[in-house]
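Read through the structure below, which is laid out as structure tokens, and then see the notes.
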Number of protein chains: 4
Amino acid sequence: MPKISDEKRAARRTQILEAAWSCFQAQGLHATTMDDIIKASGLSAGAVYSYFSGKDALILAAVKTSLGDLQALLEPLLREPPPSPGVFVERVAAAVARFSARDGYDLRRVALLGWSEAQRNAQLRETMRGFYLAFRDRLADAAALWKKAGALGADASARDVAKTLLSAILGFVVQSAIMDDVEPKDLARGLRDLGKGGNADAG
Amino acid sequence: MPKISDEKRAARRTQILEAAWSCFQAQGLHATTMDDIIKASGLSAGAVYSYFSGKDALILAAVKTSLGDLQALLEPLLREPPPSPGVFVERVAAAVARFSARDGYDLRRVALLGWSEAQRNAQLRETMRGFYLAFRDRLADAAALWKKAGALGADASARDVAKTLLSAILGFVVQSAIMDDVEPKDLARGLRDLGKGGNADAG
Amino acid sequence: MPKISDEKRAARRTQILEAAWSCFQAQGLHATTMDDIIKASGLSAGAVYSYFSGKDALILAAVKTSLGDLQALLEPLLREPPPSPGVFVERVAAAVARFSARDGYDLRRVALLGWSEAQRNAQLRETMRGFYLAFRDRLADAAALWKKAGALGADASARDVAKTLLSAILGFVVQSAIMDDVEPKDLARGLRDLGKGGNADAG
Amino acid sequence: MPKISDEKRAARRTQILEAAWSCFQAQGLHATTMDDIIKASGLSAGAVYSYFSGKDALILAAVKTSLGDLQALLEPLLREPPPSPGVFVERVAAAVARFSARDGYDLRRVALLGWSEAQRNAQLRETMRGFYLAFRDRLADAAALWKKAGALGADASARDVAKTLLSAILGFVVQSAIMDDVEPKDLARGLRDLGKGGNADAG
DNA sequence: GATGAATGAGTCTTCATTCAT
DNA sequence: AATGAATGAAGACTCATTCAT
């Protein structure tokens, strides 16, 4: 075979990555063997190894791809933030839930696997840290907007609001993956209810 | 030979479990070998196997123990909830952070590992689900108290508040494990700021 | 099984080493697979690996053992050198030939394999270098004796004589392994003939 | 398409063979992969395989080429042998040493690799055997000349002298490859010293 | 009861060779 | 003729578990 085209190469990579994710998700990162992925990809061992240098590289690439997809999913919401934090969180949660309903790819499970792996893979940890840090910065930008628009008090800390919103979102991912009984609107409602306490300033 | 005493047995179990956690945490659940645990426990392979039927049982027991410890840690806060949700979340986060500073045992890392493993271990998943469900119920009880005391609006949904608070807490665990730059009081402040929006009802 | 005795351990090591040599010799160092050695040893893969950390370690140990055996074989000749260099070379060659007739272990082939491997294994190279250096020193000692006894001229260089004798011996190993038509006494005769030239000082 | 010219073909073969030797020498015969050779040759896999049927054929061809080169190197010395065996050995050793100083090609290392490989490759073994046998015959011819010229005693065995000289030469290759501290003149001196013993006939 | 040596199925990875383009 | 992507059998090594002593 003569030199393969760049598109073809990219397509093969995607093909392998998708095979990898469907395995990872079904069995976990470590219980998945390279052979599982090779079989699922429909390629030979050698071919898979010519695209990825090994299992760790495959995991890293898979997680990066996944973060990229998530990034694309959230970009519109970050570019033009909804009128209030509550609506924002609900929309993000809804996007995550929608993304998780795809066949053979549940973003929530993927996230849990990635976080766990990040504990022992420094490169993965840094990649993730960078991603969430950037996301939180965008969140802080949105908070600044909300302050200007009056959706947040004038003395609100954009930074702390961003941290809290990120927590709520990440927590939604965990809770929804494990309990499977949380809806985006539950979160929105809870957030709203928390904000209307008689002496909210005590909290 | 006289049977070993029950206390002795319990002590051995604890000894093994602690060895297991220190390994799990340092290397992850799957990268830890039984031999690592055996070495760390100071016992022989046969001895370890006489206390736990295998690696999966050890993982399950370790996670259960960990959840039990967490339960004990949170019990006081649940029995006599602080005056407001914000304070509550801050105290829980502080307890988690304190628990994570212990030598050779970081509750946050442990949680991430457990969640990931729960994806492929049904028994573990059910154990966890039960734990978080129970915790959320206690949270809803607290929310009911807060409603009565006026710390929450009269029309607040205790259930949704509980879900939201659990999300915030779980999300704190994730964010703090990965980014390591979130303080309990950041969360409390963010939650308070979120509640004081000019048109909070829009969220 | 409780702790194994030291003798038993040593016996197992020997058992594995002998299996390794019979394979190495029959198929070469690299064409021999660990599985070949494992099968030949009658042990399991795990057992073999518990005695030797890997194939390289096994090769190194095998060569070292082989050098040790050779050392033991030559020691008597070095301790009390025969009356002349010619007799010495003949006896060494005879010892090598005798050692090579053992079942499943041909010292000459072993030597060729080891030399080749030493090209790409620094540790092995150093081990060998040290061995031959020491042997050459002993040879120089013998040469000094021969000088004193008049079997060598008074102005002979013990160092160069040692180098030359070592060359003759090593070359005998090569030639005999490849051509299989050289006898120890051929070497002795050739050496004597070379020494009796009319104008030997011209060489 | 016009067939590639014969010169071109020959040039390609040489190109591949040289690439092969530079790899073989640096990493050993077995540690060198076809891919190493392909990369080093600058050709494609298919091209290399169109010139050589496989790795074994490449090794065989490489060794043959190497023996041919050696043959060419020694031919002048064999055609008109130097006045004495000592000078002859010194000149051969010097030629080998000179040949080994070439960049990326050390005849001594090459020889060790080839001998080792010959243990498990019958065709290679025969090729080598034939080469050394022929060389030894030429050596015997030279010995006959030396006898006639008085450089060797009248009762010298040309055959045994040839065997002994070959041993010295092969041994020089080994010793010099492993210890790297032997000079051609050391060998000449040692040989001369060995010949001047008071009672050389005892050796 | 305890020990730890032994087991062997299973993992990741490599690499000589082929053949569609 | 040439290319180089793809193949897949084979290799080195690991590790959860067992069981003879």
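By order of appearance in the structure tokens: chains A, B, ..., then residues from 1 within every chain, and ligands from 1 in the order shown.
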Give me the residues near Gly171 in chain B as a PDB file with all heavy atoms, in the first residue's frame, where near means some atom within 12 Å (using only C-alpha atoms (C1' of nucleotides)) and where sequence neighbours in that chain fewer than 4 positions away do not count.
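File written: around-v2.pdb
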ATOM      1  N   LEU A 112     -15.492   9.532  35.239  1.00  0.00           N
ATOM      2  CA  LEU A 112     -15.056   8.838  36.458  1.00  0.00           C
ATOM      3  C   LEU A 112     -13.802   8.007  36.203  1.00  0.00           C
ATOM      4  O   LEU A 112     -12.866   7.999  37.007  1.00  0.00           O
ATOM      5  CB  LEU A 112     -16.168   7.926  36.987  1.00  0.00           C
ATOM      6  CG  LEU A 112     -17.468   8.605  37.448  1.00  0.00           C
ATOM      7  CD1 LEU A 112     -18.312   7.640  38.277  1.00  0.00           C
ATOM      8  CD2 LEU A 112     -17.174   9.839  38.261  1.00  0.00           C
ATOM      9  N   TRP A 115     -10.770  10.400  35.844  1.00  0.00           N
ATOM     10  CA  TRP A 115     -10.312  10.983  37.109  1.00  0.00           C
ATOM     11  C   TRP A 115      -9.483   9.975  37.890  1.00  0.00           C
ATOM     12  O   TRP A 115      -8.464  10.306  38.482  1.00  0.00           O
ATOM     13  CB  TRP A 115     -11.497  11.428  37.965  1.00  0.00           C
ATOM     14  CG  TRP A 115     -12.303  12.525  37.346  1.00  0.00           C
ATOM     15  CD1 TRP A 115     -11.874  13.406  36.406  1.00  0.00           C
ATOM     16  CD2 TRP A 115     -13.666  12.846  37.619  1.00  0.00           C
ATOM     17  NE1 TRP A 115     -12.892  14.262  36.069  1.00  0.00           N
ATOM     18  CE2 TRP A 115     -14.009  13.941  36.792  1.00  0.00           C
ATOM     19  CE3 TRP A 115     -14.657  12.318  38.459  1.00  0.00           C
ATOM     20  CZ2 TRP A 115     -15.278  14.522  36.797  1.00  0.00           C
ATOM     21  CZ3 TRP A 115     -15.918  12.900  38.476  1.00  0.00           C
ATOM     22  CH2 TRP A 115     -16.232  13.989  37.657  1.00  0.00           C
ATOM     23  N   LYS A 163     -15.805  28.321  41.190  1.00  0.00           N
ATOM     24  CA  LYS A 163     -15.459  27.080  41.873  1.00  0.00           C
ATOM     25  C   LYS A 163     -16.709  26.319  42.313  1.00  0.00           C
ATOM     26  O   LYS A 163     -16.790  25.089  42.213  1.00  0.00           O
ATOM     27  CB  LYS A 163     -14.587  27.374  43.103  1.00  0.00           C
ATOM     28  CG  LYS A 163     -13.144  27.733  42.749  1.00  0.00           C
ATOM     29  CD  LYS A 163     -12.312  28.037  43.994  1.00  0.00           C
ATOM     30  CE  LYS A 163     -10.854  28.318  43.615  1.00  0.00           C
ATOM     31  NZ  LYS A 163     -10.034  28.727  44.770  1.00  0.00           N
ATOM     32  N   THR A 164     -17.661  27.054  42.815  1.00  0.00           N
ATOM     33  CA  THR A 164     -18.875  26.407  43.304  1.00  0.00           C
ATOM     34  C   THR A 164     -19.686  25.802  42.159  1.00  0.00           C
ATOM     35  O   THR A 164     -20.200  24.686  42.265  1.00  0.00           O
ATOM     36  CB  THR A 164     -19.724  27.423  44.087  1.00  0.00           C
ATOM     37  OG1 THR A 164     -18.912  28.012  45.100  1.00  0.00           O
ATOM     38  CG2 THR A 164     -20.929  26.749  44.718  1.00  0.00           C
ATOM     39  N   LEU A 165     -19.770  26.554  41.066  1.00  0.00           N
ATOM     40  CA  LEU A 165     -20.516  26.014  39.921  1.00  0.00           C
ATOM     41  C   LEU A 165     -19.814  24.774  39.358  1.00  0.00           C
ATOM     42  O   LEU A 165     -20.478  23.787  39.013  1.00  0.00           O
ATOM     43  CB  LEU A 165     -20.649  27.080  38.823  1.00  0.00           C
ATOM     44  CG  LEU A 165     -21.588  28.234  39.167  1.00  0.00           C
ATOM     45  CD1 LEU A 165     -21.625  29.253  38.029  1.00  0.00           C
ATOM     46  CD2 LEU A 165     -23.010  27.717  39.453  1.00  0.00           C
ATOM     47  N   LEU A 166     -18.504  24.835  39.284  1.00  0.00           N
ATOM     48  CA  LEU A 166     -17.779  23.665  38.777  1.00  0.00           C
ATOM     49  C   LEU A 166     -18.030  22.458  39.684  1.00  0.00           C
ATOM     50  O   LEU A 166     -18.280  21.343  39.214  1.00  0.00           O
ATOM     51  CB  LEU A 166     -16.277  23.964  38.688  1.00  0.00           C
ATOM     52  CG  LEU A 166     -15.411  22.814  38.162  1.00  0.00           C
ATOM     53  CD1 LEU A 166     -15.899  22.333  36.802  1.00  0.00           C
ATOM     54  CD2 LEU A 166     -13.943  23.222  38.068  1.00  0.00           C
ATOM     55  N   SER A 167     -18.015  22.719  40.988  1.00  0.00           N
ATOM     56  CA  SER A 167     -18.308  21.631  41.924  1.00  0.00           C
ATOM     57  C   SER A 167     -19.684  21.048  41.670  1.00  0.00           C
ATOM     58  O   SER A 167     -19.864  19.832  41.628  1.00  0.00           O
ATOM     59  CB  SER A 167     -18.238  22.139  43.368  1.00  0.00           C
ATOM     60  OG  SER A 167     -16.924  22.054  43.857  1.00  0.00           O
ATOM     61  N   ALA A 168     -20.636  21.919  41.501  1.00  0.00           N
ATOM     62  CA  ALA A 168     -22.000  21.435  41.291  1.00  0.00           C
ATOM     63  C   ALA A 168     -22.081  20.573  40.038  1.00  0.00           C
ATOM     64  O   ALA A 168     -22.732  19.522  40.020  1.00  0.00           O
ATOM     65  CB  ALA A 168     -22.955  22.619  41.196  1.00  0.00           C
ATOM     66  N   ILE A 169     -21.393  21.013  38.998  1.00  0.00           N
ATOM     67  CA  ILE A 169     -21.435  20.272  37.738  1.00  0.00           C
ATOM     68  C   ILE A 169     -20.718  18.929  37.866  1.00  0.00           C
ATOM     69  O   ILE A 169     -21.250  17.877  37.502  1.00  0.00           O
ATOM     70  CB  ILE A 169     -20.806  21.117  36.598  1.00  0.00           C
ATOM     71  CG1 ILE A 169     -21.698  22.326  36.312  1.00  0.00           C
ATOM     72  CG2 ILE A 169     -20.630  20.276  35.345  1.00  0.00           C
ATOM     73  CD1 ILE A 169     -21.021  23.403  35.487  1.00  0.00           C
ATOM     74  N   LEU A 170     -19.509  18.982  38.396  1.00  0.00           N
ATOM     75  CA  LEU A 170     -18.760  17.729  38.564  1.00  0.00           C
ATOM     76  C   LEU A 170     -19.528  16.779  39.487  1.00  0.00           C
ATOM     77  O   LEU A 170     -19.595  15.565  39.247  1.00  0.00           O
ATOM     78  CB  LEU A 170     -17.364  18.005  39.137  1.00  0.00           C
ATOM     79  CG  LEU A 170     -16.417  18.827  38.254  1.00  0.00           C
ATOM     80  CD1 LEU A 170     -15.106  19.123  38.978  1.00  0.00           C
ATOM     81  CD2 LEU A 170     -16.132  18.081  36.951  1.00  0.00           C
ATOM     82  N   GLY A 171     -20.095  17.344  40.542  1.00  0.00           N
ATOM     83  CA  GLY A 171     -20.865  16.527  41.477  1.00  0.00           C
ATOM     84  C   GLY A 171     -22.088  15.911  40.804  1.00  0.00           C
ATOM     85  O   GLY A 171     -22.473  14.780  41.107  1.00  0.00           O
ATOM     86  N   PHE A 172     -22.672  16.667  39.903  1.00  0.00           N
ATOM     87  CA  PHE A 172     -23.811  16.128  39.159  1.00  0.00           C
ATOM     88  C   PHE A 172     -23.379  14.912  38.350  1.00  0.00           C
ATOM     89  O   PHE A 172     -24.079  13.900  38.287  1.00  0.00           O
ATOM     90  CB  PHE A 172     -24.380  17.201  38.219  1.00  0.00           C
ATOM     91  CG  PHE A 172     -25.369  16.653  37.225  1.00  0.00           C
ATOM     92  CD1 PHE A 172     -26.681  16.383  37.597  1.00  0.00           C
ATOM     93  CD2 PHE A 172     -24.985  16.396  35.909  1.00  0.00           C
ATOM     94  CE1 PHE A 172     -27.599  15.869  36.678  1.00  0.00           C
ATOM     95  CE2 PHE A 172     -25.884  15.879  34.984  1.00  0.00           C
ATOM     96  CZ  PHE A 172     -27.187  15.619  35.369  1.00  0.00           C
ATOM     97  N   VAL A 173     -22.221  15.019  37.745  1.00  0.00           N
ATOM     98  CA  VAL A 173     -21.694  13.904  36.945  1.00  0.00           C
ATOM     99  C   VAL A 173     -21.537  12.655  37.822  1.00  0.00           C
ATOM    100  O   VAL A 173     -21.991  11.559  37.473  1.00  0.00           O
ATOM    101  CB  VAL A 173     -20.334  14.276  36.304  1.00  0.00           C
ATOM    102  CG1 VAL A 173     -19.661  13.049  35.713  1.00  0.00           C
ATOM    103  CG2 VAL A 173     -20.537  15.341  35.240  1.00  0.00           C
ATOM    104  N   VAL A 174     -20.927  12.843  38.985  1.00  0.00           N
ATOM    105  CA  VAL A 174     -20.711  11.706  39.876  1.00  0.00           C
ATOM    106  C   VAL A 174     -22.046  11.128  40.334  1.00  0.00           C
ATOM    107  O   VAL A 174     -22.316   9.923  40.185  1.00  0.00           O
ATOM    108  CB  VAL A 174     -19.912  12.126  41.128  1.00  0.00           C
ATOM    109  CG1 VAL A 174     -19.758  10.938  42.079  1.00  0.00           C
ATOM    110  CG2 VAL A 174     -18.558  12.678  40.742  1.00  0.00           C
ATOM    111  N   GLN A 175     -22.862  11.990  40.883  1.00  0.00           N
ATOM    112  CA  GLN A 175     -24.130  11.536  41.449  1.00  0.00           C
ATOM    113  C   GLN A 175     -24.994  10.861  40.400  1.00  0.00           C
ATOM    114  O   GLN A 175     -25.599   9.808  40.634  1.00  0.00           O
ATOM    115  CB  GLN A 175     -24.870  12.739  42.055  1.00  0.00           C
ATOM    116  CG  GLN A 175     -25.978  12.340  42.997  1.00  0.00           C
ATOM    117  CD  GLN A 175     -26.666  13.550  43.645  1.00  0.00           C
ATOM    118  OE1 GLN A 175     -27.710  13.433  44.248  1.00  0.00           O
ATOM    119  NE2 GLN A 175     -26.076  14.716  43.510  1.00  0.00           N
ATOM    120  N   SER A 176     -25.015  11.446  39.229  1.00  0.00           N
ATOM    121  CA  SER A 176     -25.854  10.900  38.179  1.00  0.00           C
ATOM    122  C   SER A 176     -25.290   9.569  37.673  1.00  0.00           C
ATOM    123  O   SER A 176     -26.033   8.651  37.321  1.00  0.00           O
ATOM    124  CB  SER A 176     -25.988  11.953  37.084  1.00  0.00           C
ATOM    125  OG  SER A 176     -25.845  11.419  35.828  1.00  0.00           O
TER     126      SER A 176
ATOM    127  N   VAL B  89     -22.217  22.669  54.203  1.00  0.00           N
ATOM    128  CA  VAL B  89     -21.314  22.268  53.126  1.00  0.00           C
ATOM    129  C   VAL B  89     -19.869  22.596  53.495  1.00  0.00           C
ATOM    130  O   VAL B  89     -18.962  21.792  53.298  1.00  0.00           O
ATOM    131  CB  VAL B  89     -21.699  22.966  51.799  1.00  0.00           C
ATOM    132  CG1 VAL B  89     -20.578  22.812  50.762  1.00  0.00           C
ATOM    133  CG2 VAL B  89     -22.988  22.377  51.255  1.00  0.00           C
ATOM    134  N   ALA B  93     -17.013  19.794  53.794  1.00  0.00           N
ATOM    135  CA  ALA B  93     -15.799  19.916  52.980  1.00  0.00           C
ATOM    136  C   ALA B  93     -14.564  19.972  53.874  1.00  0.00           C
ATOM    137  O   ALA B  93     -13.531  19.346  53.578  1.00  0.00           O
ATOM    138  CB  ALA B  93     -15.876  21.158  52.099  1.00  0.00           C
ATOM    139  N   ARG B 108     -10.106  11.755  49.280  1.00  0.00           N
ATOM    140  CA  ARG B 108     -10.541  12.195  47.953  1.00  0.00           C
ATOM    141  C   ARG B 108     -10.063  11.221  46.876  1.00  0.00           C
ATOM    142  O   ARG B 108     -10.852  10.784  46.026  1.00  0.00           O
ATOM    143  CB  ARG B 108      -9.980  13.591  47.665  1.00  0.00           C
ATOM    144  CG  ARG B 108     -10.388  14.613  48.718  1.00  0.00           C
ATOM    145  CD  ARG B 108      -9.543  15.868  48.620  1.00  0.00           C
ATOM    146  NE  ARG B 108      -8.121  15.537  48.545  1.00  0.00           N
ATOM    147  CZ  ARG B 108      -7.155  16.438  48.380  1.00  0.00           C
ATOM    148  NH1 ARG B 108      -7.465  17.727  48.270  1.00  0.00           N
ATOM    149  NH2 ARG B 108      -5.895  16.052  48.324  1.00  0.00           N
ATOM    150  N   ALA B 111     -11.959   8.104  47.045  1.00  0.00           N
ATOM    151  CA  ALA B 111     -13.299   8.221  46.477  1.00  0.00           C
ATOM    152  C   ALA B 111     -13.244   8.069  44.958  1.00  0.00           C
ATOM    153  O   ALA B 111     -14.026   7.308  44.368  1.00  0.00           O
ATOM    154  CB  ALA B 111     -13.911   9.566  46.867  1.00  0.00           C
ATOM    155  N   LEU B 112     -12.305   8.747  44.324  1.00  0.00           N
ATOM    156  CA  LEU B 112     -12.208   8.661  42.861  1.00  0.00           C
ATOM    157  C   LEU B 112     -11.946   7.229  42.416  1.00  0.00           C
ATOM    158  O   LEU B 112     -12.538   6.739  41.456  1.00  0.00           O
ATOM    159  CB  LEU B 112     -11.094   9.572  42.343  1.00  0.00           C
ATOM    160  CG  LEU B 112     -11.265  11.079  42.563  1.00  0.00           C
ATOM    161  CD1 LEU B 112     -10.270  11.862  41.720  1.00  0.00           C
ATOM    162  CD2 LEU B 112     -12.673  11.535  42.232  1.00  0.00           C
ATOM    163  N   LYS B 163     -30.114  16.853  46.807  1.00  0.00           N
ATOM    164  CA  LYS B 163     -29.361  16.471  45.603  1.00  0.00           C
ATOM    165  C   LYS B 163     -28.311  17.523  45.253  1.00  0.00           C
ATOM    166  O   LYS B 163     -27.178  17.203  44.873  1.00  0.00           O
ATOM    167  CB  LYS B 163     -30.325  16.298  44.411  1.00  0.00           C
ATOM    168  CG  LYS B 163     -31.138  15.009  44.486  1.00  0.00           C
ATOM    169  CD  LYS B 163     -32.090  14.873  43.299  1.00  0.00           C
ATOM    170  CE  LYS B 163     -32.826  13.537  43.355  1.00  0.00           C
ATOM    171  NZ  LYS B 163     -33.864  13.408  42.291  1.00  0.00           N
ATOM    172  N   THR B 164     -28.711  18.774  45.397  1.00  0.00           N
ATOM    173  CA  THR B 164     -27.787  19.850  45.035  1.00  0.00           C
ATOM    174  C   THR B 164     -26.616  19.914  46.013  1.00  0.00           C
ATOM    175  O   THR B 164     -25.454  20.085  45.605  1.00  0.00           O
ATOM    176  CB  THR B 164     -28.537  21.190  44.999  1.00  0.00           C
ATOM    177  OG1 THR B 164     -29.663  21.056  44.132  1.00  0.00           O
ATOM    178  CG2 THR B 164     -27.634  22.303  44.491  1.00  0.00           C
ATOM    179  N   LEU B 165     -26.926  19.762  47.281  1.00  0.00           N
ATOM    180  CA  LEU B 165     -25.844  19.791  48.269  1.00  0.00           C
ATOM    181  C   LEU B 165     -24.891  18.600  48.067  1.00  0.00           C
ATOM    182  O   LEU B 165     -23.667  18.752  48.151  1.00  0.00           O
ATOM    183  CB  LEU B 165     -26.419  19.765  49.696  1.00  0.00           C
ATOM    184  CG  LEU B 165     -27.140  21.049  50.111  1.00  0.00           C
ATOM    185  CD1 LEU B 165     -27.692  20.906  51.536  1.00  0.00           C
ATOM    186  CD2 LEU B 165     -26.193  22.251  50.040  1.00  0.00           C
ATOM    187  N   LEU B 166     -25.469  17.447  47.798  1.00  0.00           N
ATOM    188  CA  LEU B 166     -24.608  16.278  47.569  1.00  0.00           C
ATOM    189  C   LEU B 166     -23.699  16.514  46.363  1.00  0.00           C
ATOM    190  O   LEU B 166     -22.501  16.203  46.388  1.00  0.00           O
ATOM    191  CB  LEU B 166     -25.464  15.021  47.364  1.00  0.00           C
ATOM    192  CG  LEU B 166     -24.670  13.724  47.125  1.00  0.00           C
ATOM    193  CD1 LEU B 166     -23.674  13.468  48.250  1.00  0.00           C
ATOM    194  CD2 LEU B 166     -25.602  12.524  46.966  1.00  0.00           C
ATOM    195  N   SER B 167     -24.296  17.103  45.316  1.00  0.00           N
ATOM    196  CA  SER B 167     -23.483  17.422  44.139  1.00  0.00           C
ATOM    197  C   SER B 167     -22.333  18.343  44.505  1.00  0.00           C
ATOM    198  O   SER B 167     -21.182  18.139  44.090  1.00  0.00           O
ATOM    199  CB  SER B 167     -24.340  18.102  43.065  1.00  0.00           C
ATOM    200  OG  SER B 167     -24.959  17.134  42.259  1.00  0.00           O
ATOM    201  N   GLN B 175     -12.933  18.198  42.378  1.00  0.00           N
ATOM    202  CA  GLN B 175     -12.179  19.401  42.044  1.00  0.00           C
ATOM    203  C   GLN B 175     -10.946  19.530  42.920  1.00  0.00           C
ATOM    204  O   GLN B 175      -9.849  19.866  42.451  1.00  0.00           O
ATOM    205  CB  GLN B 175     -13.079  20.632  42.209  1.00  0.00           C
ATOM    206  CG  GLN B 175     -12.527  21.869  41.564  1.00  0.00           C
ATOM    207  CD  GLN B 175     -13.485  23.065  41.658  1.00  0.00           C
ATOM    208  OE1 GLN B 175     -13.123  24.180  41.353  1.00  0.00           O
ATOM    209  NE2 GLN B 175     -14.705  22.817  42.090  1.00  0.00           N
ATOM    210  N   SER B 176     -11.132  19.243  44.183  1.00  0.00           N
ATOM    211  CA  SER B 176     -10.010  19.393  45.095  1.00  0.00           C
ATOM    212  C   SER B 176      -8.954  18.306  44.853  1.00  0.00           C
ATOM    213  O   SER B 176      -7.751  18.551  44.987  1.00  0.00           O
ATOM    214  CB  SER B 176     -10.554  19.403  46.526  1.00  0.00           C
ATOM    215  OG  SER B 176      -9.841  18.559  47.357  1.00  0.00           O
ATOM    216  N   ALA B 177      -9.400  17.107  44.453  1.00  0.00           N
ATOM    217  CA  ALA B 177      -8.429  16.050  44.179  1.00  0.00           C
ATOM    218  C   ALA B 177      -7.618  16.355  42.924  1.00  0.00           C
ATOM    219  O   ALA B 177      -6.419  16.077  42.853  1.00  0.00           O
ATOM    220  CB  ALA B 177      -9.126  14.702  44.025  1.00  0.00           C
ATOM    221  N   ILE B 178      -8.272  16.931  41.930  1.00  0.00           N
ATOM    222  CA  ILE B 178      -7.591  17.157  40.658  1.00  0.00           C
ATOM    223  C   ILE B 178      -6.853  18.487  40.608  1.00  0.00           C
ATOM    224  O   ILE B 178      -5.736  18.569  40.105  1.00  0.00           O
ATOM    225  CB  ILE B 178      -8.596  17.058  39.492  1.00  0.00           C
ATOM    226  CG1 ILE B 178      -9.095  15.615  39.381  1.00  0.00           C
ATOM    227  CG2 ILE B 178      -7.957  17.504  38.174  1.00  0.00           C
ATOM    228  CD1 ILE B 178     -10.143  15.404  38.336  1.00  0.00           C
ATOM    229  N   MET B 179      -7.490  19.538  41.151  1.00  0.00           N
ATOM    230  CA  MET B 179      -6.867  20.858  41.026  1.00  0.00           C
ATOM    231  C   MET B 179      -6.103  21.238  42.286  1.00  0.00           C
ATOM    232  O   MET B 179      -5.158  22.012  42.222  1.00  0.00           O
ATOM    233  CB  MET B 179      -7.931  21.917  40.748  1.00  0.00           C
ATOM    234  CG  MET B 179      -9.199  21.369  40.126  1.00  0.00           C
ATOM    235  SD  MET B 179      -9.178  21.445  38.333  1.00  0.00           S
ATOM    236  CE  MET B 179      -9.181  23.224  38.123  1.00  0.00           C
ATOM    237  N   VAL B 182      -8.900  24.337  45.949  1.00  0.00           N
ATOM    238  CA  VAL B 182     -10.233  24.742  46.411  1.00  0.00           C
ATOM    239  C   VAL B 182     -10.327  24.562  47.916  1.00  0.00           C
ATOM    240  O   VAL B 182      -9.981  23.501  48.438  1.00  0.00           O
ATOM    241  CB  VAL B 182     -11.344  23.869  45.768  1.00  0.00           C
ATOM    242  CG1 VAL B 182     -12.687  24.551  45.926  1.00  0.00           C
ATOM    243  CG2 VAL B 182     -11.025  23.611  44.316  1.00  0.00           C
ATOM    244  N   PRO B 184     -12.676  24.810  51.519  1.00  0.00           N
ATOM    245  CA  PRO B 184     -14.067  24.721  51.970  1.00  0.00           C
ATOM    246  C   PRO B 184     -14.747  26.074  51.978  1.00  0.00           C
ATOM    247  O   PRO B 184     -15.894  26.203  51.552  1.00  0.00           O
ATOM    248  CB  PRO B 184     -13.922  24.147  53.386  1.00  0.00           C
ATOM    249  CG  PRO B 184     -12.700  23.297  53.307  1.00  0.00           C
ATOM    250  CD  PRO B 184     -11.779  24.006  52.364  1.00  0.00           C
ATOM    251  N   LEU B 187     -16.173  27.388  48.738  1.00  0.00           N
ATOM    252  CA  LEU B 187     -17.452  26.777  48.399  1.00  0.00           C
ATOM    253  C   LEU B 187     -18.574  27.491  49.145  1.00  0.00           C
ATOM    254  O   LEU B 187     -19.633  27.810  48.565  1.00  0.00           O
ATOM    255  CB  LEU B 187     -17.412  25.298  48.805  1.00  0.00           C
ATOM    256  CG  LEU B 187     -18.190  24.327  47.951  1.00  0.00           C
ATOM    257  CD1 LEU B 187     -17.750  24.415  46.503  1.00  0.00           C
ATOM    258  CD2 LEU B 187     -17.986  22.901  48.466  1.00  0.00           C
TER     259      LEU B 187
END
Chain E residues near chain B within 8 Å, closest pair each, using only C-alpha atoms (C1' of nucleotides), as a tab-separated table:
residue	atom	partner	partner_atom	distance
E:DG1	C1'	B:Met1	CA	7.6
E:DA2	C1'	B:Ala47	CA	6.7
E:DT3	C1'	B:Ser44	CA	6.4
E:DG4	C1'	B:Ser44	CA	6.9
File of the preceding selection, N, CA, C and O atoms (P, O5', C5', C4', C3', O3' and C1' of nucleotides), as a short mmCIF file (atom, residue, chain, number, x, y, z; two decimals), in the first residue's frame:
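Saved as selection.cif:
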data_model
loop_
_atom_site.label_atom_id
_atom_site.label_comp_id
_atom_site.auth_asym_id
_atom_site.auth_seq_id
_atom_site.Cartn_x
_atom_site.Cartn_y
_atom_site.Cartn_z
P DG E 1 -7.91 -21.28 63.76
"O5'" DG E 1 -7.30 -21.64 62.38
"C5'" DG E 1 -6.10 -22.42 62.43
"C4'" DG E 1 -4.89 -21.56 62.72
"C3'" DG E 1 -4.62 -20.49 61.69
"O3'" DG E 1 -3.73 -19.53 62.26
"C1'" DG E 1 -3.08 -22.24 61.43
P DA E 2 -3.32 -18.25 61.42
"O5'" DA E 2 -1.95 -18.75 60.79
"C5'" DA E 2 -0.83 -18.91 61.65
"C4'" DA E 2 0.41 -19.14 60.84
"C3'" DA E 2 0.67 -18.12 59.73
"O3'" DA E 2 2.04 -17.78 59.82
"C1'" DA E 2 0.68 -20.29 58.82
P DT E 3 2.65 -16.60 58.90
"O5'" DT E 3 3.43 -17.42 57.79
"C5'" DT E 3 4.45 -18.34 58.19
"C4'" DT E 3 4.90 -19.10 56.98
"C3'" DT E 3 5.22 -18.20 55.78
"O3'" DT E 3 6.61 -18.29 55.54
"C1'" DT E 3 4.00 -20.12 55.14
P DG E 4 7.42 -17.01 55.01
"O5'" DG E 4 7.77 -17.46 53.53
"C5'" DG E 4 8.11 -18.83 53.24
"C4'" DG E 4 7.80 -19.10 51.78
"C3'" DG E 4 7.94 -17.89 50.84
"O3'" DG E 4 8.36 -18.36 49.56
"C1'" DG E 4 5.81 -18.70 50.66
#
